[in-house]
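Text of input_37.cif, listed as mmCIF, C-alpha atoms and all ligand atoms:
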data_model
loop_
_atom_site.group_PDB
_atom_site.id
_atom_site.type_symbol
_atom_site.label_atom_id
_atom_site.label_comp_id
_atom_site.auth_asym_id
_atom_site.auth_seq_id
_atom_site.Cartn_x
_atom_site.Cartn_y
_atom_site.Cartn_z
ATOM 1 C CA MET B 1 11.515 59.746 36.569
ATOM 2 C CA LYS B 2 9.365 58.102 33.926
ATOM 3 C CA VAL B 3 10.949 58.079 30.421
ATOM 4 C CA LYS B 4 9.120 56.787 27.355
ATOM 5 C CA VAL B 5 9.881 56.578 23.641
ATOM 6 C CA LEU B 6 6.953 58.061 21.735
ATOM 7 C CA LYS B 7 6.258 58.797 18.058
ATOM 8 C CA GLY B 8 5.521 62.204 16.522
ATOM 9 C CA GLU B 9 2.166 60.665 15.659
ATOM 10 C CA GLU B 10 1.378 60.433 19.381
ATOM 11 C CA LEU B 11 3.132 63.614 20.511
ATOM 12 C CA THR B 12 1.599 66.152 18.147
ATOM 13 C CA SER B 13 -1.988 66.886 17.132
ATOM 14 C CA ILE B 14 -1.011 66.921 13.430
ATOM 15 C CA GLY B 15 0.856 63.629 13.901
ATOM 16 C CA ILE B 16 4.169 64.555 12.274
ATOM 17 C CA GLY B 17 7.671 63.505 13.305
ATOM 18 C CA GLY B 18 10.016 60.747 14.341
ATOM 19 C CA LYS B 19 10.400 58.941 17.655
ATOM 20 C CA ARG B 20 11.643 60.773 20.752
ATOM 21 C CA GLU B 21 12.632 59.948 24.255
ATOM 22 C CA VAL B 22 10.223 61.851 26.479
ATOM 23 C CA PHE B 23 11.046 62.632 30.132
ATOM 24 C CA PHE B 24 8.159 63.116 32.559
ATOM 25 C CA PRO B 25 9.492 64.765 35.756
ATOM 26 C CA LYS B 26 7.114 64.490 38.711
ATOM 27 C CA GLY B 27 7.953 67.896 40.168
ATOM 28 C CA VAL B 28 10.433 70.773 40.229
ATOM 29 C CA GLU B 29 13.020 68.745 42.147
ATOM 30 C CA GLU B 30 13.194 66.076 39.424
ATOM 31 C CA LEU B 31 13.100 68.705 36.680
ATOM 32 C CA LEU B 32 16.072 70.519 38.234
ATOM 33 C CA LYS B 33 18.150 67.338 37.822
ATOM 34 C CA LEU B 34 17.912 67.649 34.016
ATOM 35 C CA ASN B 35 20.157 69.883 31.927
ATOM 36 C CA LEU B 36 17.483 71.842 30.058
ATOM 37 C CA LYS B 37 19.913 72.756 27.272
ATOM 38 C CA GLU B 38 19.865 69.115 26.173
ATOM 39 C CA PHE B 39 16.082 69.051 25.662
ATOM 40 C CA ASN B 40 13.157 70.516 23.787
ATOM 41 C CA PHE B 41 9.914 71.029 25.683
ATOM 42 C CA ILE B 42 6.543 69.717 24.600
ATOM 43 C CA GLY B 43 3.079 70.464 25.912
ATOM 44 C CA GLY B 44 0.074 69.064 24.073
ATOM 45 C CA GLY B 45 1.897 69.269 20.758
ATOM 46 C CA SER B 46 -1.053 71.187 19.298
ATOM 47 C CA ASN B 47 1.145 73.785 17.583
ATOM 48 C CA SER B 48 4.209 71.669 16.888
ATOM 49 C CA VAL B 49 5.777 69.232 14.464
ATOM 50 C CA LEU B 50 8.807 67.077 15.217
ATOM 51 C CA ARG B 51 11.786 66.519 12.930
ATOM 52 C CA GLU B 52 12.555 62.874 12.143
ATOM 53 C CA THR B 53 15.360 62.988 14.742
ATOM 54 C CA GLY B 54 16.142 65.536 17.405
ATOM 55 C CA LEU B 55 16.666 66.322 21.059
ATOM 56 C CA PRO B 56 14.769 64.363 23.694
ATOM 57 C CA LEU B 57 11.692 66.087 25.069
ATOM 58 C CA ILE B 58 10.480 67.148 28.500
ATOM 59 C CA SER B 59 6.748 66.897 29.152
ATOM 60 C CA LEU B 60 5.236 68.476 32.268
ATOM 61 C CA ARG B 61 2.194 66.180 32.113
ATOM 62 C CA GLU B 62 2.675 65.457 35.832
ATOM 63 C CA PHE B 63 2.526 69.192 36.699
ATOM 64 C CA ASN B 64 -1.256 69.069 36.673
ATOM 65 C CA TYR B 65 -2.262 70.849 39.894
ATOM 66 C CA ILE B 66 -4.903 73.558 40.231
ATOM 67 C CA LYS B 67 -4.968 75.993 43.197
ATOM 68 C CA TYR B 68 -7.451 78.766 43.957
ATOM 69 C CA GLN B 69 -6.753 81.896 46.026
ATOM 70 C CA GLY B 70 -9.747 84.207 45.699
ATOM 71 C CA GLU B 71 -9.583 85.863 42.283
ATOM 72 C CA LEU B 72 -6.324 84.124 41.434
ATOM 73 C CA LEU B 73 -5.860 80.705 39.880
ATOM 74 C CA THR B 74 -2.500 78.914 39.909
ATOM 75 C CA LEU B 75 -1.977 76.110 37.406
ATOM 76 C CA GLY B 76 0.850 73.646 36.894
ATOM 77 C CA GLY B 77 2.565 73.937 33.491
ATOM 78 C CA GLY B 78 1.058 70.675 32.275
ATOM 79 C CA VAL B 79 -2.626 71.371 32.988
ATOM 80 C CA LEU B 80 -4.649 70.804 29.819
ATOM 81 C CA LEU B 81 -6.961 73.442 28.358
ATOM 82 C CA PRO B 82 -10.035 71.125 28.404
ATOM 83 C CA THR B 83 -9.404 70.574 32.150
ATOM 84 C CA ILE B 84 -9.330 74.353 32.711
ATOM 85 C CA LEU B 85 -12.579 74.797 30.763
ATOM 86 C CA LYS B 86 -14.250 72.075 32.870
ATOM 87 C CA GLU B 87 -13.077 73.887 36.027
ATOM 88 C CA GLN B 88 -14.481 77.143 34.635
ATOM 89 C CA ILE B 89 -17.893 75.503 34.244
ATOM 90 C CA LYS B 90 -17.754 73.789 37.627
ATOM 91 C CA LYS B 91 -16.628 76.882 39.560
ATOM 92 C CA GLU B 92 -18.275 79.473 37.262
ATOM 93 C CA PHE B 93 -15.411 81.745 36.324
ATOM 94 C CA SER B 94 -14.168 83.402 33.169
ATOM 95 C CA LEU B 95 -10.669 82.766 31.736
ATOM 96 C CA PHE B 96 -9.973 80.786 28.542
ATOM 97 C CA GLU B 97 -13.453 80.493 27.023
ATOM 98 C CA PHE B 98 -12.119 82.199 23.854
ATOM 99 C CA LEU B 99 -9.941 79.100 23.300
ATOM 100 C CA ALA B 100 -12.764 76.574 23.709
ATOM 101 C CA GLY B 101 -12.370 73.904 21.041
ATOM 102 C CA VAL B 102 -8.560 74.063 20.882
ATOM 103 C CA PRO B 103 -7.519 70.488 21.613
ATOM 104 C CA ARG B 104 -4.689 69.245 23.843
ATOM 105 C CA ALA B 105 -2.997 72.601 24.612
ATOM 106 C CA THR B 106 -1.270 72.927 28.005
ATOM 107 C CA VAL B 107 -0.587 75.911 30.264
ATOM 108 C CA GLY B 108 3.119 75.865 29.249
ATOM 109 C CA GLY B 109 2.299 75.859 25.531
ATOM 110 C CA LEU B 110 -0.447 78.480 25.888
ATOM 111 C CA ILE B 111 2.020 80.843 27.559
ATOM 112 C CA ALA B 112 4.950 80.061 25.253
ATOM 113 C CA GLN B 113 2.799 80.759 22.181
ATOM 114 C CA ASN B 114 0.795 83.534 23.893
ATOM 115 C CA ALA B 115 -2.226 81.805 22.385
ATOM 116 C CA GLY B 116 -5.164 83.960 21.429
ATOM 117 C CA ALA B 117 -8.422 84.189 19.536
ATOM 118 C CA PHE B 118 -11.351 86.571 18.989
ATOM 119 C CA GLY B 119 -9.365 89.559 20.310
ATOM 120 C CA PHE B 120 -8.136 87.923 23.541
ATOM 121 C CA GLU B 121 -4.644 86.699 24.395
ATOM 122 C CA VAL B 122 -3.334 84.534 27.221
ATOM 123 C CA LYS B 123 -1.005 87.303 28.421
ATOM 124 C CA ASP B 124 -4.008 89.545 29.262
ATOM 125 C CA PHE B 125 -4.879 87.236 32.166
ATOM 126 C CA LEU B 126 -1.384 86.538 33.510
ATOM 127 C CA LYS B 127 -0.283 87.606 36.966
ATOM 128 C CA ARG B 128 2.880 85.536 37.414
ATOM 129 C CA VAL B 129 4.902 82.940 35.493
ATOM 130 C CA VAL B 130 7.344 80.608 37.246
ATOM 131 C CA PHE B 131 10.013 78.984 35.100
ATOM 132 C CA ILE B 132 13.391 77.276 35.204
ATOM 133 C CA ASN B 133 16.034 78.912 33.036
ATOM 134 C CA GLY B 134 18.889 77.295 31.087
ATOM 135 C CA LYS B 135 21.199 77.626 34.097
ATOM 136 C CA GLY B 136 18.825 75.529 36.185
ATOM 137 C CA GLN B 137 17.598 78.488 38.278
ATOM 138 C CA LEU B 138 13.984 78.798 39.400
ATOM 139 C CA LYS B 139 12.762 82.285 38.365
ATOM 140 C CA GLU B 140 9.510 84.204 38.060
ATOM 141 C CA ILE B 141 8.191 87.109 36.009
ATOM 142 C CA LYS B 142 5.275 89.410 36.805
ATOM 143 C CA GLU B 143 5.567 91.798 33.872
ATOM 144 C CA PHE B 144 4.516 90.747 30.397
ATOM 145 C CA SER B 145 5.288 93.598 27.978
ATOM 146 C CA SER B 146 7.654 91.320 26.026
ATOM 147 C CA PHE B 147 4.675 89.090 25.123
ATOM 148 C CA LYS B 148 3.460 89.850 21.619
ATOM 149 C CA TYR B 149 1.210 88.234 19.005
ATOM 150 C CA ARG B 150 1.995 84.456 19.265
ATOM 151 C CA LYS B 151 5.310 85.299 20.905
ATOM 152 C CA SER B 152 6.736 85.131 24.408
ATOM 153 C CA PRO B 153 10.193 84.794 25.962
ATOM 154 C CA PHE B 154 9.555 81.005 26.164
ATOM 155 C CA PRO B 155 10.815 78.380 25.504
ATOM 156 C CA GLU B 156 14.057 80.346 24.832
ATOM 157 C CA GLU B 157 14.167 81.677 28.441
ATOM 158 C CA GLY B 158 13.335 78.305 29.964
ATOM 159 C CA ILE B 159 10.554 75.931 30.857
ATOM 160 C CA VAL B 160 7.309 77.285 32.343
ATOM 161 C CA VAL B 161 6.482 75.199 35.413
ATOM 162 C CA GLU B 162 3.578 77.173 36.844
ATOM 163 C CA ALA B 163 1.479 80.246 36.174
ATOM 164 C CA THR B 164 -1.021 82.353 38.084
ATOM 165 C CA PHE B 165 -3.969 83.909 36.260
ATOM 166 C CA ARG B 166 -6.551 86.532 37.203
ATOM 167 C CA ILE B 167 -10.045 85.065 37.040
ATOM 168 C CA LYS B 168 -13.501 86.656 37.242
ATOM 169 C CA ARG B 169 -16.749 85.200 38.482
ATOM 170 C CA GLU B 170 -19.034 84.393 35.524
ATOM 171 C CA PRO B 171 -22.278 82.531 36.235
ATOM 172 C CA LYS B 172 -23.016 82.351 32.469
ATOM 173 C CA ILE B 173 -19.709 80.722 31.582
ATOM 174 C CA LYS B 174 -21.281 77.612 30.043
ATOM 175 C CA GLU B 175 -23.191 79.688 27.488
ATOM 176 C CA LYS B 176 -20.087 81.788 26.780
ATOM 177 C CA ILE B 177 -18.033 78.648 26.102
ATOM 178 C CA ARG B 178 -20.786 77.347 23.789
ATOM 179 C CA LYS B 179 -20.813 80.679 21.933
ATOM 180 C CA PHE B 180 -17.060 80.595 21.303
ATOM 181 C CA LEU B 181 -17.252 76.936 20.278
ATOM 182 C CA ARG B 182 -19.953 77.764 17.727
ATOM 183 C CA LYS B 183 -17.830 80.616 16.315
ATOM 184 C CA ARG B 184 -14.860 78.278 15.997
ATOM 185 C CA VAL B 185 -16.891 75.544 14.268
ATOM 186 C CA GLU B 186 -18.060 78.135 11.709
ATOM 187 C CA LYS B 187 -14.490 79.195 10.846
ATOM 188 C CA GLN B 188 -12.328 76.124 11.249
ATOM 189 C CA PRO B 189 -12.076 72.586 9.909
ATOM 190 C CA PRO B 190 -13.796 69.867 11.991
ATOM 191 C CA PHE B 191 -12.142 69.062 15.341
ATOM 192 C CA TYR B 192 -11.480 65.401 14.542
ATOM 193 C CA LEU B 193 -9.014 66.212 11.716
ATOM 194 C CA ARG B 194 -5.275 66.071 12.394
ATOM 195 C CA THR B 195 -3.942 69.625 12.315
ATOM 196 C CA ALA B 196 -1.603 71.941 14.234
ATOM 197 C CA GLY B 197 -3.973 74.925 14.065
ATOM 198 C CA SER B 198 -2.702 77.971 12.173
ATOM 199 C CA THR B 199 0.324 77.046 10.084
ATOM 200 C CA PHE B 200 1.530 80.625 9.534
ATOM 201 C CA LYS B 201 1.251 83.738 11.688
ATOM 202 C CA ASN B 202 -1.002 86.476 10.383
ATOM 203 C CA PRO B 203 1.091 89.287 8.885
ATOM 204 C CA LYS B 204 0.296 92.689 10.458
ATOM 205 C CA GLY B 205 -3.226 93.750 9.500
ATOM 206 C CA GLU B 206 -3.663 90.693 7.230
ATOM 207 C CA SER B 207 -4.895 87.143 7.465
ATOM 208 C CA ALA B 208 -2.503 84.387 6.382
ATOM 209 C CA GLY B 209 -5.540 82.271 5.462
ATOM 210 C CA ARG B 210 -6.832 84.977 3.096
ATOM 211 C CA LEU B 211 -3.437 85.314 1.350
ATOM 212 C CA LEU B 212 -3.158 81.532 0.959
ATOM 213 C CA ASP B 213 -6.698 81.452 -0.404
ATOM 214 C CA ILE B 214 -5.912 84.169 -2.996
ATOM 215 C CA CYS B 215 -2.895 82.096 -4.098
ATOM 216 C CA GLY B 216 -5.106 79.053 -4.615
ATOM 217 C CA PHE B 217 -4.091 76.966 -1.609
ATOM 218 C CA LYS B 218 -7.568 76.097 -0.296
ATOM 219 C CA GLY B 219 -7.729 72.326 -0.764
ATOM 220 C CA PHE B 220 -4.169 72.193 -2.201
ATOM 221 C CA LYS B 221 -2.709 68.755 -1.484
ATOM 222 C CA LEU B 222 0.836 67.418 -1.572
ATOM 223 C CA LYS B 223 1.075 63.709 -0.727
ATOM 224 C CA SER B 224 -0.647 63.341 2.668
ATOM 225 C CA LEU B 225 -0.836 67.025 3.584
ATOM 226 C CA LYS B 226 -3.628 69.314 2.499
ATOM 227 C CA PHE B 227 -4.541 72.946 3.189
ATOM 228 C CA SER B 228 -8.118 72.851 4.470
ATOM 229 C CA GLU B 229 -10.925 73.778 2.056
ATOM 230 C CA LYS B 230 -12.599 75.623 4.925
ATOM 231 C CA HIS B 231 -9.626 77.667 6.167
ATOM 232 C CA ALA B 232 -6.478 77.753 4.034
ATOM 233 C CA ASN B 233 -4.138 78.355 6.996
ATOM 234 C CA PHE B 234 -4.936 74.932 8.501
ATOM 235 C CA LEU B 235 -2.805 72.048 7.220
ATOM 236 C CA ILE B 236 -4.502 68.678 7.554
ATOM 237 C CA ASN B 237 -2.618 65.394 7.797
ATOM 238 C CA THR B 238 -4.776 63.030 5.760
ATOM 239 C CA GLY B 239 -2.473 60.026 6.187
ATOM 240 C CA LYS B 240 0.983 59.475 7.594
ATOM 241 C CA ALA B 241 2.738 62.683 6.572
ATOM 242 C CA SER B 242 6.480 62.930 7.214
ATOM 243 C CA PHE B 243 8.456 65.961 8.382
ATOM 244 C CA SER B 244 9.875 66.502 4.885
ATOM 245 C CA GLU B 245 6.348 66.506 3.410
ATOM 246 C CA PHE B 246 5.556 69.272 5.933
ATOM 247 C CA THR B 247 8.577 71.410 4.972
ATOM 248 C CA ASP B 248 7.875 70.820 1.246
ATOM 249 C CA ILE B 249 4.276 72.052 1.316
ATOM 250 C CA VAL B 250 5.164 74.947 3.628
ATOM 251 C CA GLU B 251 7.946 76.090 1.272
ATOM 252 C CA ILE B 252 5.684 75.855 -1.809
ATOM 253 C CA ALA B 253 3.085 78.038 -0.067
ATOM 254 C CA ARG B 254 5.611 80.560 1.243
ATOM 255 C CA GLU B 255 7.279 80.926 -2.146
ATOM 256 C CA LYS B 256 4.024 81.467 -4.045
ATOM 257 C CA VAL B 257 2.659 83.995 -1.534
ATOM 258 C CA LYS B 258 5.994 85.855 -1.672
ATOM 259 C CA ARG B 259 6.138 85.756 -5.484
ATOM 260 C CA GLU B 260 2.513 86.703 -6.166
ATOM 261 C CA LEU B 261 1.715 89.018 -3.243
ATOM 262 C CA GLY B 262 5.135 90.103 -1.986
ATOM 263 C CA VAL B 263 4.345 88.968 1.563
ATOM 264 C CA GLU B 264 6.759 86.876 3.623
ATOM 265 C CA LEU B 265 4.834 84.371 5.733
ATOM 266 C CA SER B 266 6.443 83.129 8.941
ATOM 267 C CA LEU B 267 5.587 79.848 10.628
ATOM 268 C CA GLU B 268 3.390 79.828 13.704
ATOM 269 C CA VAL B 269 3.893 76.065 14.037
ATOM 270 C CA LYS B 270 6.985 75.235 16.078
ATOM 271 C CA ILE B 271 9.541 72.758 14.726
ATOM 272 C CA LEU B 272 11.051 70.687 17.542
HETATM 273 C C1 LIG B 301 -7.594 72.778 15.948
HETATM 274 C C2 LIG B 301 -6.620 73.766 16.551
HETATM 275 C C3 LIG B 301 -7.032 75.074 16.778
HETATM 276 C C4 LIG B 301 -6.140 76.004 17.310
HETATM 277 N N1 LIG B 301 -6.575 77.288 17.510
HETATM 278 C C5 LIG B 301 -5.740 78.184 18.075
HETATM 279 C C6 LIG B 301 -6.175 79.526 18.342
HETATM 280 O O1 LIG B 301 -7.315 79.885 18.127
HETATM 281 N N2 LIG B 301 -5.281 80.397 18.857
HETATM 282 C C7 LIG B 301 -3.985 80.042 19.122
HETATM 283 O O2 LIG B 301 -3.223 80.887 19.604
HETATM 284 N N3 LIG B 301 -3.552 78.785 18.894
HETATM 285 C C8 LIG B 301 -4.383 77.857 18.386
HETATM 286 N N4 LIG B 301 -3.936 76.583 18.148
HETATM 287 C C9 LIG B 301 -2.521 76.264 18.389
HETATM 288 C C10 LIG B 301 -2.176 75.716 19.782
HETATM 289 O O3 LIG B 301 -3.266 75.055 20.374
HETATM 290 C C11 LIG B 301 -1.644 76.789 20.727
HETATM 291 O O4 LIG B 301 -0.486 77.396 20.180
HETATM 292 C C12 LIG B 301 -1.273 76.244 22.099
HETATM 293 O O5 LIG B 301 -0.896 77.316 22.920
HETATM 294 C C13 LIG B 301 -0.121 75.225 22.060
HETATM 295 O O6 LIG B 301 -0.061 74.578 23.311
HETATM 296 P P1 LIG B 301 0.646 73.155 23.450
HETATM 297 O O7 LIG B 301 0.713 72.823 24.889
HETATM 298 O O8 LIG B 301 -0.024 72.163 22.572
HETATM 299 O O9 LIG B 301 2.095 73.533 22.908
HETATM 300 P P2 LIG B 301 3.107 72.640 22.039
HETATM 301 O O10 LIG B 301 2.622 72.553 20.640
HETATM 302 O O11 LIG B 301 3.424 71.393 22.755
HETATM 303 O O12 LIG B 301 4.384 73.608 22.082
HETATM 304 C C14 LIG B 301 4.347 74.873 21.447
HETATM 305 C C15 LIG B 301 5.607 75.654 21.831
HETATM 306 O O13 LIG B 301 5.593 75.887 23.235
HETATM 307 C C16 LIG B 301 6.756 75.362 23.845
HETATM 308 N N5 LIG B 301 6.397 74.860 25.171
HETATM 309 C C17 LIG B 301 5.490 73.884 25.473
HETATM 310 N N6 LIG B 301 5.414 73.726 26.804
HETATM 311 C C18 LIG B 301 6.292 74.603 27.358
HETATM 312 C C19 LIG B 301 6.667 74.921 28.690
HETATM 313 N N7 LIG B 301 6.160 74.279 29.752
HETATM 314 N N8 LIG B 301 7.601 75.890 28.888
HETATM 315 C C20 LIG B 301 8.147 76.550 27.843
HETATM 316 N N9 LIG B 301 7.830 76.291 26.563
HETATM 317 C C21 LIG B 301 6.912 75.332 26.320
HETATM 318 C C22 LIG B 301 7.243 74.272 22.912
HETATM 319 O O14 LIG B 301 8.634 74.041 23.072
HETATM 320 C C23 LIG B 301 6.904 74.886 21.563
HETATM 321 O O15 LIG B 301 7.894 75.806 21.194
HETATM 322 C C24 LIG B 301 -4.814 75.614 17.636
HETATM 323 C C25 LIG B 301 -4.407 74.284 17.430
HETATM 324 C C26 LIG B 301 -5.310 73.364 16.890
HETATM 325 C C27 LIG B 301 -4.830 71.957 16.692
#
For the file at hand, write its structure as structure tokens.
Amino acid sequence: MKVKVLKGEELTSIGIGGKREVFFPKGVEELLKLNLKEFNFIGGGSNSVLRETGLPLISLREFNYIKYQGELLTLGGGVLLPTILKEQIKKEFSLFEFLAGVPRATVGGLIAQNAGAFGFEVKDFLKRVVFINGKGQLKEIKEFSSFKYRKSPFPEEGIVVEATFRIKREPKIKEKIRKFLRKRVEKQPPFYLRTAGSTFKNPKGESAGRLLDICGFKGFKLKSLKFSEKHANFLINTGKASFSEFTDIVEIAREKVKRELGVELSLEVKIL
């Protein structure tokens, strides 16, 4: 199995964290040889930051297969969102157009975070998730009521190795993707900036970005990290931010929002 030492700068979209050993199993057989309890899992790192030191990581980059069976699409846990969107255009079907413009995300990370936008969530399209649990057993689930807003049983229950989604024929998919991309560009900071997407989850019926804005965090900068001027819930790494810079700015924001508005913000970004 390939093992590499990579930096947080390479492993996460926001570019935060120390070096880690990363294991790249080629398939389920190799993955089953690892004791999952001794690892964290990483997909595209688009919603994660790494501590300066920590457990080694498993990446399912090699689980990149795509299989069609009529109205069902089965994807390996490491398939990247941009690859899925390209398939959607090529084969004209509807699935993750609402996430167009999210960089790097993988099937495993999309399921673990139950990613969503514009009223859609990944769980709405799921038919089956195959995973390996902490005891090294290959399992599957076909019922998804435990999936909530940016929450799923994963990675706590194990590593997602494959998932099957319901797809629908959509000859106008290219235009739909463009429409969602335009909406995203209007709301979010430019795609080339280093960010992990939403820093905090939206409290029920509220927007974390709006609360941060009220508390004056739009454009607020601490060393290399800055809350975006365009959307206060997006932290931008403007240099070489460290993990402690991340926790410092997050704590300052949480404290002020709690003190001034009485709302407890919880992190959407995962700390590995
Ligand atoms: C510019 C930008 C815009 C974004 N917009 C959105 C948005 O609109 N909506 C939204 O929901 N998110 C958004 N995100 C956040 C992010 O893209 C999603 O949360 C995405 O699902 C994360 O996927 P990933 O593969 O990068 O996961 P990672 O960041 O690598 O991991 C996230 C979590 O999933 C776990 N995990 C990863 N792979 C597996 C696996 N195979 N099995 C089990 N657990 C696993 C990790 O351990 C970690 O806990 C955005 C991010 C960026 C940078």
Taken to one decimal, the CA of Gly136 (chain B)-CA of Asn35 (chain B) distance is 7.2 Å
Within-7 Å residues of ligand LIG 301 (chain B), basis all atoms listed in the file, as a PyMOL selection string:
chain B and resi 12-13+40-48+60+77-78+99+101-117+150+154-155+158-161+191+195-198+270+272
In the coordinates of the file, take the point (9.7, 73.1, 10.3) and a cut-off of 10 Å; then, counting all atoms listed in the file, name each qualifying protein, DNA or RNA residue as a PyMOL selection string.
chain B and resi 48-51+243-244+246-248+250-251+267-272
Go ahead and write the residues just picked, C-alpha atoms, as a CSV table (one decimal), in the frame of the given file.
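This is the output file again.csv:
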chain,number,residue,atom,x,y,z
B,48,SER,CA,4.2,71.7,16.9
B,49,VAL,CA,5.8,69.2,14.5
B,50,LEU,CA,8.8,67.1,15.2
B,51,ARG,CA,11.8,66.5,12.9
B,243,PHE,CA,8.5,66.0,8.4
B,244,SER,CA,9.9,66.5,4.9
B,246,PHE,CA,5.6,69.3,5.9
B,247,THR,CA,8.6,71.4,5.0
B,248,ASP,CA,7.9,70.8,1.2
B,250,VAL,CA,5.2,74.9,3.6
B,251,GLU,CA,7.9,76.1,1.3
B,267,LEU,CA,5.6,79.8,10.6
B,268,GLU,CA,3.4,79.8,13.7
B,269,VAL,CA,3.9,76.1,14.0
B,270,LYS,CA,7.0,75.2,16.1
B,271,ILE,CA,9.5,72.8,14.7
B,272,LEU,CA,11.1,70.7,17.5
Run through the PyMOL selection byres (((chain B and resi 264) around 12) and not hetatm) on the given coordinates and return the selected residues as an MDAnalysis selection string.
chainID B and resid 200:204 206 208 211:212 251 253:263 265:267
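Here CA of Ser228 (chain B) stands at a distance of 26.0 Å from CA of Val122 (chain B).
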Might you pull out every residue within 9 Å of Ile84 (chain B), with all atoms listed in the file counted and same-chain residues fewer than 6 positions away left off, and present them as a ChimeraX atom specification?
/B:66,75,95-96
Incomplete region 153-158 of chain B filled out to all heavy atoms as a PDB file, in the coordinates of the input:
ATOM      1  N   PRO B 153       8.761  85.111  25.769  1.00  0.00           N
ATOM      2  CA  PRO B 153      10.193  84.794  25.962  1.00  0.00           C
ATOM      3  C   PRO B 153      10.452  83.285  26.037  1.00  0.00           C
ATOM      4  O   PRO B 153      11.605  82.868  26.133  1.00  0.00           O
ATOM      5  CB  PRO B 153      10.511  85.437  27.319  1.00  0.00           C
ATOM      6  CG  PRO B 153       9.361  86.330  27.649  1.00  0.00           C
ATOM      7  CD  PRO B 153       8.179  85.800  26.932  1.00  0.00           C
ATOM      8  N   PHE B 154       9.405  82.460  26.009  1.00  0.00           N
ATOM      9  CA  PHE B 154       9.555  81.005  26.164  1.00  0.00           C
ATOM     10  C   PHE B 154       9.333  80.288  24.831  1.00  0.00           C
ATOM     11  O   PHE B 154       8.563  80.783  24.022  1.00  0.00           O
ATOM     12  CB  PHE B 154       8.545  80.497  27.211  1.00  0.00           C
ATOM     13  CG  PHE B 154       8.662  81.244  28.507  1.00  0.00           C
ATOM     14  CD1 PHE B 154       7.734  82.218  28.854  1.00  0.00           C
ATOM     15  CD2 PHE B 154       9.739  81.006  29.346  1.00  0.00           C
ATOM     16  CE1 PHE B 154       7.874  82.935  30.033  1.00  0.00           C
ATOM     17  CE2 PHE B 154       9.873  81.722  30.526  1.00  0.00           C
ATOM     18  CZ  PHE B 154       8.935  82.687  30.871  1.00  0.00           C
ATOM     19  N   PRO B 155       9.968  79.164  24.595  1.00  0.00           N
ATOM     20  CA  PRO B 155      10.815  78.380  25.504  1.00  0.00           C
ATOM     21  C   PRO B 155      12.261  78.871  25.606  1.00  0.00           C
ATOM     22  O   PRO B 155      13.013  78.318  26.389  1.00  0.00           O
ATOM     23  CB  PRO B 155      10.774  76.981  24.873  1.00  0.00           C
ATOM     24  CG  PRO B 155      10.611  77.238  23.416  1.00  0.00           C
ATOM     25  CD  PRO B 155       9.763  78.478  23.303  1.00  0.00           C
ATOM     26  N   GLU B 156      12.641  79.922  24.840  1.00  0.00           N
ATOM     27  CA  GLU B 156      14.057  80.346  24.832  1.00  0.00           C
ATOM     28  C   GLU B 156      14.564  80.646  26.247  1.00  0.00           C
ATOM     29  O   GLU B 156      15.680  80.302  26.609  1.00  0.00           O
ATOM     30  CB  GLU B 156      14.235  81.580  23.924  1.00  0.00           C
ATOM     31  CG  GLU B 156      14.112  81.272  22.429  1.00  0.00           C
ATOM     32  CD  GLU B 156      12.668  80.994  21.973  1.00  0.00           C
ATOM     33  OE1 GLU B 156      11.727  81.324  22.730  1.00  0.00           O
ATOM     34  OE2 GLU B 156      12.491  80.425  20.876  1.00  0.00           O
ATOM     35  N   GLU B 157      13.738  81.303  27.082  1.00  0.00           N
ATOM     36  CA  GLU B 157      14.167  81.677  28.441  1.00  0.00           C
ATOM     37  C   GLU B 157      14.098  80.516  29.427  1.00  0.00           C
ATOM     38  O   GLU B 157      14.585  80.631  30.550  1.00  0.00           O
ATOM     39  CB  GLU B 157      13.289  82.818  28.970  1.00  0.00           C
ATOM     40  CG  GLU B 157      13.596  84.171  28.381  1.00  0.00           C
ATOM     41  CD  GLU B 157      14.969  84.703  28.786  1.00  0.00           C
ATOM     42  OE1 GLU B 157      15.313  84.606  29.972  1.00  0.00           O
ATOM     43  OE2 GLU B 157      15.690  85.182  27.900  1.00  0.00           O
ATOM     44  N   GLY B 158      13.424  79.435  29.048  1.00  0.00           N
ATOM     45  CA  GLY B 158      13.335  78.305  29.964  1.00  0.00           C
ATOM     46  C   GLY B 158      12.003  77.593  29.881  1.00  0.00           C
ATOM     47  O   GLY B 158      11.212  77.829  28.958  1.00  0.00           O
TER      48      GLY B 158
END
